[in-house]
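In what follows, a structure is listed as structure tokens, so that the remarks can point back to it.
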Amino acid sequence: MNAPAPAQRVLETAADRHSTHVVKNQAALPSGFNAFDGDVVLKAAIEREAPWAASRCSAIGQLAGDDAVQELARQANRNIPELKTHDRFGNRIDWVDFHPAWHELMSLAWQHEVPTLSWTSREKHPHYARAVLSYLWNQVEQGTGCPTGMAYASYAGFSHEPALKIWAEKCLGTVYENSRREVADKPSVVIGYAMTEKQGGSDLRETQTTAVFSHTADYHGATAHWYELTGHKWFCSVPQSDGFFTLAKVDGGVTCFFLPRTLPDGSYNRFFIQRLKDKAGNRSNAGSEVEYSGTLAIRVGEEGAGIREIISHSHLTRLDFAVGSAGLMRQVLTLALNHTTTRNGFGSSLARRPMMANVLADMAVEVEAATLMALRIAKATDYIDTDAREKAFARVTTPMAKYFNCSRVVAVANEALQCHGGNGFVEDGPMARLYREAPLNSVWEGTANMMCMDVRRAMLKDASCRDALFAELADVRGLDVRFDGYVNAMRPLLDAMLQDEFLARPAAEAIARSLQGAELLRHSAPEVVDVFMKTRLGGNTHNWGVMFGTLGPGVTQAQADAIVERARVKR
């Protein structure tokens with residue numbers, strides 16, 4: 001072999017001298033998996049209740065684990081919406097421009113029936129199946145989860161109002177179109193809600209927007225009662241939607257209206273976007289303030305019955321937030337498991353270190369419990385019109401689950417970020433975005449206190465809500481003495497809560513934990529059940545602290561390892 005030329009030796013020596021490091025021991029990319037097929041809890045849930053939907057769920061699960069789709073999510077959140085109040089000629093247009101990635105994601109959501117499956121399927125448990133789709137879609141991109149959830153809920157409002165029949169039809173479309181064409185010309189529609197005003201917040205009785213009757217006219221073959229609205233809405237999500245449900249007072253009575261962005265003659269309604277909110281999370285989605293000034297809207301229901309009308313929608317949006325937060329928990333757990341399994345430290349993978357195993361197992365128990373609870377309430381929603389007990393059960397547990405899951409996701413996201421260390425706190429990866437996303441669902445559609453107040457209100461107004469809750473727990477009584485003891489202790493707490501609003505939060509949490517325990521007893525693995533009972537229901541502070549990773553002496557690492565393996569997405 002000939003010796004290298006002197007010049008070559010000089011170059012090699014310089015290269016060696018200036019080479020500072022070799023990149024190694026970085027975690028594997030969290031992609032190339034199916035978030036449905038590889039999730040033993042979710043797959044078993046569909047097999048039990050809606051096996052006909054498995055292929056649909058698998059298709060979205062594939063999107064959640066696809067690197068190209070996750071790149072769309074990153075781009076949509078890095079290139080935030082931009083308000084266009086006027087066109088280049090000075091005409092008022094009140095439009096919002098989005099990055100193309102947003103529209104690609106919206107097209108995928110509509111194509112895969114995320115907003116529509118509950119209403120189009122004639123198979124058993126369509127709300128349950130649709131909840132699994134939403135759970136998975138919230139592992140794709142949460143900003144587009146807002147319009148899918150609102151479109152899902154809006155059908156309930158359209159279907160009972162003859163003047164909005166065409167909107168009910170278009171609400172079921174699966175081809176997304178970003179345009180300002182009139183509803184009759186579109187294959188599908190995007191729907192928004194504009195309820196909140198700055199002086200009232202969650203108290204919709206404080207609505208100051210007013211409405212006066214304008215005229216009655218034929219609207220796509222039905223009679224519509226048109227009113228002119230004047231007022232200001234403090235939070236309006238997805239302001240480029242085709243139409244909005246909103247509230248205004250008629251002679252002092254809060255009334256529900258539907259406001260089309262484009263009027264039947266093709267002109268734009270007087271709907272003025274004042275500014276876009278600069279939100280901490282949910283950056284891909286536009287939130288705004290809007291002004292009504294002689295804005296035309298169709299009355300929905302009777303004058304003065306607006307709050308009762310809109311509550312018929314809010315059950316569905318609240319359910320969707322409870323499901324979506326469980327889906328976000330699952331996503332951050334998947335990311336934490338991927339990172340800790342494929343990155344080494346101190347002589348083994350991070351996931352094999354004893355304290356990390358404790359953390360991961362603790363998170364996995366929490367996520368599985370949240371998932372099963374949300375899906376059980378989705379199943380109850382399938383029977384709201386046919387089963388009085390299920391209706392009462394859904395009435396009290398929907399706000400409870402919205403409160404509990406949307407609050408717990410913040411703690412799960414924080415721990416998942418810690419599993420990543422500093423790598424989780426930079427915007428190159430998804431964890432920083434998900435960390436900022438986690439708190440939002442807890443303030444949309446009513447804060448935590450509002451949800452707990454609604455739990456209490458349901459039980460005060462209708463004793464069958466309490467009866468339905470305990471009936472739900474009855475068939476698993478006797479399977480675990482810790483569960484039985486917890487449910488027995490919950491009874492006097494609920495009695496006290498009905499007498500004193502101060503106790504609404506601990507009572508709502510007790511309901512959540514009891515329902516989670518019942519669902520785990522029915523559907524989970526023995527090691528998950530045992531750890532849940534010891535830590536969440538055992539009442540022994542030595543077995544669980546306030547942070548994740550504080551499973552105490554009653555839990556073995558062998559149990560923790562088995563729980564982690566159950567939670568790992570199977571490739």
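We label chains A, B, ... in the order they appear in the structure tokens, count residues from 1 in each chain, and number ligands from 1 in the order shown.
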Could you pull out the residues in stretch 174-319 of chain A that DSSP calls strand (DSSP E or B) from the backbone, as a PDB file with C-alpha atoms, in the first residue's frame?
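For reference, part.pdb as written:
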```
ATOM      1  CA  ILE A 191     -68.597  25.746  12.394  1.00  0.00           C
ATOM      2  CA  GLY A 192     -67.557  28.027  15.227  1.00  0.00           C
ATOM      3  CA  TYR A 193     -68.995  29.226  18.532  1.00  0.00           C
ATOM      4  CA  ALA A 194     -68.909  32.812  19.841  1.00  0.00           C
ATOM      5  CA  THR A 210     -78.495  42.574  21.811  1.00  0.00           C
ATOM      6  CA  ALA A 211     -80.712  41.395  18.971  1.00  0.00           C
ATOM      7  CA  VAL A 212     -83.746  42.961  17.324  1.00  0.00           C
ATOM      8  CA  PHE A 213     -86.081  41.232  14.902  1.00  0.00           C
ATOM      9  CA  SER A 214     -85.376  42.066  11.267  1.00  0.00           C
ATOM     10  CA  HIS A 215     -87.526  39.927   8.982  1.00  0.00           C
ATOM     11  CA  THR A 216     -88.821  36.469   8.152  1.00  0.00           C
ATOM     12  CA  ALA A 217     -87.755  34.908   4.863  1.00  0.00           C
ATOM     13  CA  ASP A 218     -87.397  31.652   3.009  1.00  0.00           C
ATOM     14  CA  TYR A 219     -83.942  30.192   3.595  1.00  0.00           C
ATOM     15  CA  ALA A 222     -87.453  26.693   5.150  1.00  0.00           C
ATOM     16  CA  THR A 223     -88.687  29.724   7.067  1.00  0.00           C
ATOM     17  CA  ALA A 224     -85.968  31.582   8.957  1.00  0.00           C
ATOM     18  CA  HIS A 225     -86.439  34.332  11.528  1.00  0.00           C
ATOM     19  CA  TRP A 226     -83.651  36.866  10.995  1.00  0.00           C
ATOM     20  CA  TYR A 227     -82.427  39.287  13.653  1.00  0.00           C
ATOM     21  CA  GLU A 228     -79.853  42.070  13.688  1.00  0.00           C
ATOM     22  CA  LEU A 229     -77.138  41.642  16.347  1.00  0.00           C
ATOM     23  CA  THR A 230     -75.070  44.347  18.021  1.00  0.00           C
ATOM     24  CA  GLY A 231     -72.267  43.551  20.448  1.00  0.00           C
ATOM     25  CA  HIS A 232     -68.780  42.228  21.084  1.00  0.00           C
ATOM     26  CA  LYS A 233     -67.527  38.698  21.725  1.00  0.00           C
ATOM     27  CA  TRP A 234     -64.315  38.300  23.705  1.00  0.00           C
ATOM     28  CA  PHE A 235     -63.433  34.764  22.543  1.00  0.00           C
ATOM     29  CA  CYS A 236     -64.370  33.428  19.130  1.00  0.00           C
ATOM     30  CA  SER A 237     -62.441  30.366  18.020  1.00  0.00           C
ATOM     31  CA  GLY A 243     -71.028  30.062  10.463  1.00  0.00           C
ATOM     32  CA  PHE A 244     -71.328  30.481  14.233  1.00  0.00           C
ATOM     33  CA  PHE A 245     -73.649  29.696  17.071  1.00  0.00           C
ATOM     34  CA  THR A 246     -73.845  32.750  19.314  1.00  0.00           C
ATOM     35  CA  LEU A 247     -75.949  34.371  22.047  1.00  0.00           C
ATOM     36  CA  ALA A 248     -77.692  37.732  22.279  1.00  0.00           C
ATOM     37  CA  LYS A 249     -80.462  39.234  24.392  1.00  0.00           C
ATOM     38  CA  VAL A 250     -83.911  39.856  22.957  1.00  0.00           C
ATOM     39  CA  GLY A 253     -83.827  37.256  27.459  1.00  0.00           C
ATOM     40  CA  VAL A 254     -80.684  35.403  26.343  1.00  0.00           C
ATOM     41  CA  THR A 255     -81.453  33.828  22.973  1.00  0.00           C
ATOM     42  CA  CYS A 256     -79.490  31.494  20.699  1.00  0.00           C
ATOM     43  CA  PHE A 257     -78.697  32.460  17.105  1.00  0.00           C
ATOM     44  CA  PHE A 258     -76.848  31.036  14.139  1.00  0.00           C
ATOM     45  CA  LEU A 259     -74.792  33.531  12.165  1.00  0.00           C
ATOM     46  CA  PRO A 260     -73.724  32.684   8.578  1.00  0.00           C
ATOM     47  CA  THR A 262     -71.830  34.565   3.833  1.00  0.00           C
ATOM     48  CA  TYR A 268     -70.445  38.917   3.394  1.00  0.00           C
ATOM     49  CA  PHE A 271     -68.882  40.152  11.125  1.00  0.00           C
ATOM     50  CA  PHE A 272     -65.832  42.167  12.123  1.00  0.00           C
ATOM     51  CA  ILE A 273     -62.709  40.427  13.445  1.00  0.00           C
ATOM     52  CA  GLN A 274     -61.126  42.959  15.792  1.00  0.00           C
ATOM     53  CA  ARG A 275     -57.913  41.102  16.566  1.00  0.00           C
ATOM     54  CA  LEU A 276     -56.452  37.613  16.931  1.00  0.00           C
ATOM     55  CA  GLY A 287     -58.799  32.702  18.368  1.00  0.00           C
ATOM     56  CA  SER A 288     -60.235  36.190  18.110  1.00  0.00           C
ATOM     57  CA  GLU A 289     -62.426  39.015  19.299  1.00  0.00           C
ATOM     58  CA  VAL A 290     -65.318  39.853  17.009  1.00  0.00           C
ATOM     59  CA  GLU A 291     -67.772  42.735  16.702  1.00  0.00           C
ATOM     60  CA  TYR A 292     -71.405  42.533  15.617  1.00  0.00           C
ATOM     61  CA  SER A 293     -72.890  45.703  14.139  1.00  0.00           C
ATOM     62  CA  GLY A 294     -76.136  45.097  12.333  1.00  0.00           C
ATOM     63  CA  THR A 295     -75.044  41.488  11.874  1.00  0.00           C
ATOM     64  CA  LEU A 296     -77.731  39.168  10.532  1.00  0.00           C
ATOM     65  CA  ALA A 297     -78.402  35.879  12.331  1.00  0.00           C
ATOM     66  CA  ILE A 298     -81.132  33.234  12.393  1.00  0.00           C
ATOM     67  CA  ARG A 299     -82.912  32.608  15.681  1.00  0.00           C
ATOM     68  CA  VAL A 300     -82.456  29.061  17.019  1.00  0.00           C
TER      69      VAL A 300
END
```
- request: Name the residues of stretch 252-482 of chain A that fall into alpha helix (DSSP H) according to DSSP on the backbone, using the chain letters and numbers of this document, as a VMD selection string.
  value: chain A and resid 306 to 342 354 to 381 388 to 420 431 to 437 448 to 461 463 to 474 481 to 482
Just write the chosen residues, C-alpha atoms, as a compact mmCIF listing (two decimals), in the first residue's frame.
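And here is the file that came out, result-v8.txt:
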```
# COMPACT_ATOMS: atom_id res chain seq x y z
CA GLY A 306 -80.70 30.52 24.52
CA ILE A 307 -78.77 29.07 27.44
CA ARG A 308 -80.91 25.94 27.52
CA GLU A 309 -80.44 25.60 23.75
CA ILE A 310 -76.68 25.93 23.85
CA ILE A 311 -76.35 23.45 26.74
CA SER A 312 -77.61 20.78 24.36
CA HIS A 313 -74.41 21.35 22.37
CA SER A 314 -72.08 21.81 25.32
CA HIS A 315 -72.49 18.22 26.49
CA LEU A 316 -70.80 17.16 23.27
CA THR A 317 -68.03 19.76 23.32
CA ARG A 318 -67.25 18.96 26.95
CA LEU A 319 -67.11 15.26 26.16
CA ASP A 320 -64.78 16.01 23.27
CA PHE A 321 -62.44 17.99 25.52
CA ALA A 322 -62.33 15.16 28.07
CA VAL A 323 -61.54 12.70 25.28
CA GLY A 324 -59.05 15.06 23.64
CA SER A 325 -57.14 15.65 26.86
CA ALA A 326 -56.90 11.90 27.39
CA GLY A 327 -55.53 11.65 23.84
CA LEU A 328 -52.95 14.34 24.55
CA MET A 329 -51.93 12.44 27.71
CA ARG A 330 -51.46 9.34 25.59
CA GLN A 331 -49.32 11.25 23.09
CA VAL A 332 -46.95 12.69 25.68
CA LEU A 333 -46.71 9.28 27.37
CA THR A 334 -45.81 7.71 24.02
CA LEU A 335 -43.13 10.35 23.50
CA ALA A 336 -41.75 9.84 27.01
CA LEU A 337 -41.62 6.06 26.54
CA ASN A 338 -39.88 6.45 23.19
CA HIS A 339 -37.28 8.86 24.57
CA THR A 340 -36.47 6.94 27.73
CA THR A 341 -36.37 3.57 25.98
CA THR A 342 -34.03 4.63 23.17
CA PRO A 354 -35.56 2.31 38.88
CA MET A 355 -36.81 5.86 39.47
CA MET A 356 -37.69 6.35 35.82
CA ALA A 357 -39.57 3.05 35.80
CA ASN A 358 -41.56 4.39 38.74
CA VAL A 359 -42.36 7.61 36.87
CA LEU A 360 -43.36 5.88 33.62
CA ALA A 361 -45.55 3.29 35.33
CA ASP A 362 -47.28 5.99 37.39
CA MET A 363 -48.00 8.02 34.24
CA ALA A 364 -49.21 4.95 32.37
CA VAL A 365 -51.73 4.12 35.10
CA GLU A 366 -53.03 7.69 35.02
CA VAL A 367 -53.38 7.72 31.23
CA GLU A 368 -55.18 4.38 31.05
CA ALA A 369 -57.60 5.43 33.78
CA ALA A 370 -58.32 8.75 32.04
CA THR A 371 -58.85 6.99 28.71
CA LEU A 372 -61.28 4.37 29.97
CA MET A 373 -63.28 6.96 31.91
CA ALA A 374 -63.69 9.25 28.89
CA LEU A 375 -64.72 6.38 26.64
CA ARG A 376 -67.29 5.13 29.15
CA ILE A 377 -68.99 8.54 29.06
CA ALA A 378 -68.86 8.51 25.26
CA LYS A 379 -70.72 5.19 25.39
CA ALA A 380 -73.36 6.73 27.65
CA THR A 381 -73.82 9.47 25.06
CA ALA A 388 -82.96 7.35 31.16
CA ARG A 389 -80.26 5.98 33.44
CA GLU A 390 -77.51 6.47 30.87
CA LYS A 391 -78.77 10.01 30.26
CA ALA A 392 -78.60 10.79 33.97
CA PHE A 393 -75.17 9.17 34.21
CA ALA A 394 -73.88 11.25 31.28
CA ARG A 395 -75.38 14.41 32.76
CA VAL A 396 -73.29 14.19 35.93
CA THR A 397 -70.13 12.53 34.59
CA THR A 398 -69.51 14.65 31.49
CA PRO A 399 -68.63 17.87 33.37
CA MET A 400 -66.74 15.74 35.91
CA ALA A 401 -64.57 14.16 33.21
CA LYS A 402 -64.05 17.49 31.49
CA TYR A 403 -62.84 18.91 34.82
CA PHE A 404 -60.66 15.97 35.77
CA ASN A 405 -59.00 14.95 32.51
CA CYS A 406 -58.42 18.51 31.37
CA SER A 407 -56.73 19.31 34.68
CA ARG A 408 -54.67 16.12 34.98
CA VAL A 409 -53.20 16.40 31.48
CA VAL A 410 -51.11 19.35 32.64
CA ALA A 411 -49.35 17.23 35.27
CA VAL A 412 -48.83 14.36 32.81
CA ALA A 413 -47.37 16.71 30.18
CA ASN A 414 -45.02 18.25 32.74
CA GLU A 415 -43.69 14.84 33.77
CA ALA A 416 -43.32 13.73 30.14
CA LEU A 417 -41.26 16.86 29.48
CA GLN A 418 -39.05 16.02 32.46
CA CYS A 419 -38.49 12.57 30.98
CA HIS A 420 -36.95 14.34 27.97
CA MET A 431 -42.85 18.21 23.61
CA ALA A 432 -42.58 21.98 24.09
CA ARG A 433 -45.64 22.51 21.89
CA LEU A 434 -47.63 19.83 23.73
CA TYR A 435 -46.59 21.25 27.10
CA ARG A 436 -48.03 24.63 26.08
CA GLU A 437 -51.11 22.94 24.65
CA ALA A 448 -62.64 23.65 36.38
CA ASN A 449 -64.83 25.42 38.95
CA MET A 450 -67.64 25.74 36.41
CA MET A 451 -67.50 22.01 35.70
CA CYS A 452 -67.58 21.07 39.38
CA MET A 453 -70.45 23.49 39.90
CA ASP A 454 -72.29 21.72 37.09
CA VAL A 455 -71.70 18.33 38.72
CA ARG A 456 -73.28 19.66 41.88
CA ARG A 457 -76.11 21.36 39.99
CA ALA A 458 -76.96 18.13 38.17
CA MET A 459 -77.29 16.20 41.44
CA LEU A 460 -79.28 18.96 43.11
CA LYS A 461 -81.77 19.21 40.24
CA ALA A 463 -81.66 12.79 42.17
CA SER A 464 -81.50 10.20 39.39
CA CYS A 465 -78.02 11.50 38.48
CA ARG A 466 -76.66 10.32 41.82
CA ASP A 467 -78.60 7.08 41.55
CA ALA A 468 -77.20 6.44 38.05
CA LEU A 469 -73.65 7.01 39.31
CA PHE A 470 -73.92 4.46 42.11
CA ALA A 471 -75.73 2.02 39.85
CA GLU A 472 -72.74 2.24 37.51
CA LEU A 473 -70.42 1.25 40.35
CA ALA A 474 -72.61 -1.52 41.74
CA VAL A 481 -62.06 -4.16 49.05
CA ARG A 482 -60.09 -0.95 48.45
```
message: I'd like the contact shell of A:Phe36 - 10 Å cut-off, only C-alpha atoms, skipping same-chain residues fewer than 4 positions apart - returned as number ranges by chain.
response: A: 40-44, 46, 54-65, 132-133, 135-136, 569-570
Limited to C-alpha atoms, could you put the picked residues into a file as a CSV table (one decimal), in the first residue's frame?
```
chain,number,residue,atom,x,y,z
A,40,VAL,CA,-53.5,-2.4,23.6
A,41,VAL,CA,-56.0,-0.4,25.7
A,42,LEU,CA,-57.5,1.5,22.8
A,43,LYS,CA,-57.6,-1.5,20.4
A,44,ALA,CA,-59.3,-3.6,23.1
A,46,ILE,CA,-62.9,-0.7,20.0
A,54,ALA,CA,-61.4,-0.6,13.7
A,55,SER,CA,-60.2,0.2,10.2
A,56,ARG,CA,-61.1,3.8,10.6
A,57,CYS,CA,-59.2,4.1,13.9
A,58,SER,CA,-56.2,2.3,12.4
A,59,ALA,CA,-56.1,4.8,9.5
A,60,ILE,CA,-55.9,7.8,11.9
A,61,GLY,CA,-53.5,5.9,14.2
A,62,GLN,CA,-51.2,5.6,11.2
A,63,LEU,CA,-51.3,9.4,10.7
A,64,ALA,CA,-50.4,10.0,14.4
A,65,GLY,CA,-47.2,8.0,14.0
A,132,VAL,CA,-61.7,7.1,19.6
A,133,LEU,CA,-61.2,8.9,16.4
A,135,TYR,CA,-58.6,10.7,20.9
A,136,LEU,CA,-56.3,9.7,18.0
A,569,VAL,CA,-46.8,1.4,21.6
A,570,LYS,CA,-46.3,-1.9,19.9
```
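In this structure, atom CA of A:Glu177 sits 17.0 Å away from atom CA of A:Pro81.
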field: For atom CA of A:Ala184 and atom CA of A:Leu117, the interatomic separation in Å (one decimal)
entry: 21.6 Å
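The protein and nucleic acid residues lying at most 12 Å from A:Asp428 are Leu29, Gln70, Glu71, Arg74, Gln75, Asn77, Arg78, Gly422, Asn423, Gly424, Phe425, Met431, Ala432 and Arg433 of chain A, with only C-alpha atoms considered and sequence neighbours fewer than 3 positions away removed.
Between atom CA of A:Leu350 and atom CA of A:Gly38 the interatomic distance comes to 21.4 Å.
Nearest residue to A:Gln559 among A:Glu141, A:Ala504, A:Asp530, A:Val22 is A:Asp530, counting only C-alpha atoms.
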- prompt: Taking only C-alpha atoms into account, which of A:His127, A:Arg536, A:His220, A:Lys198 comes nearest A:Glu169?
  reply: A:His220
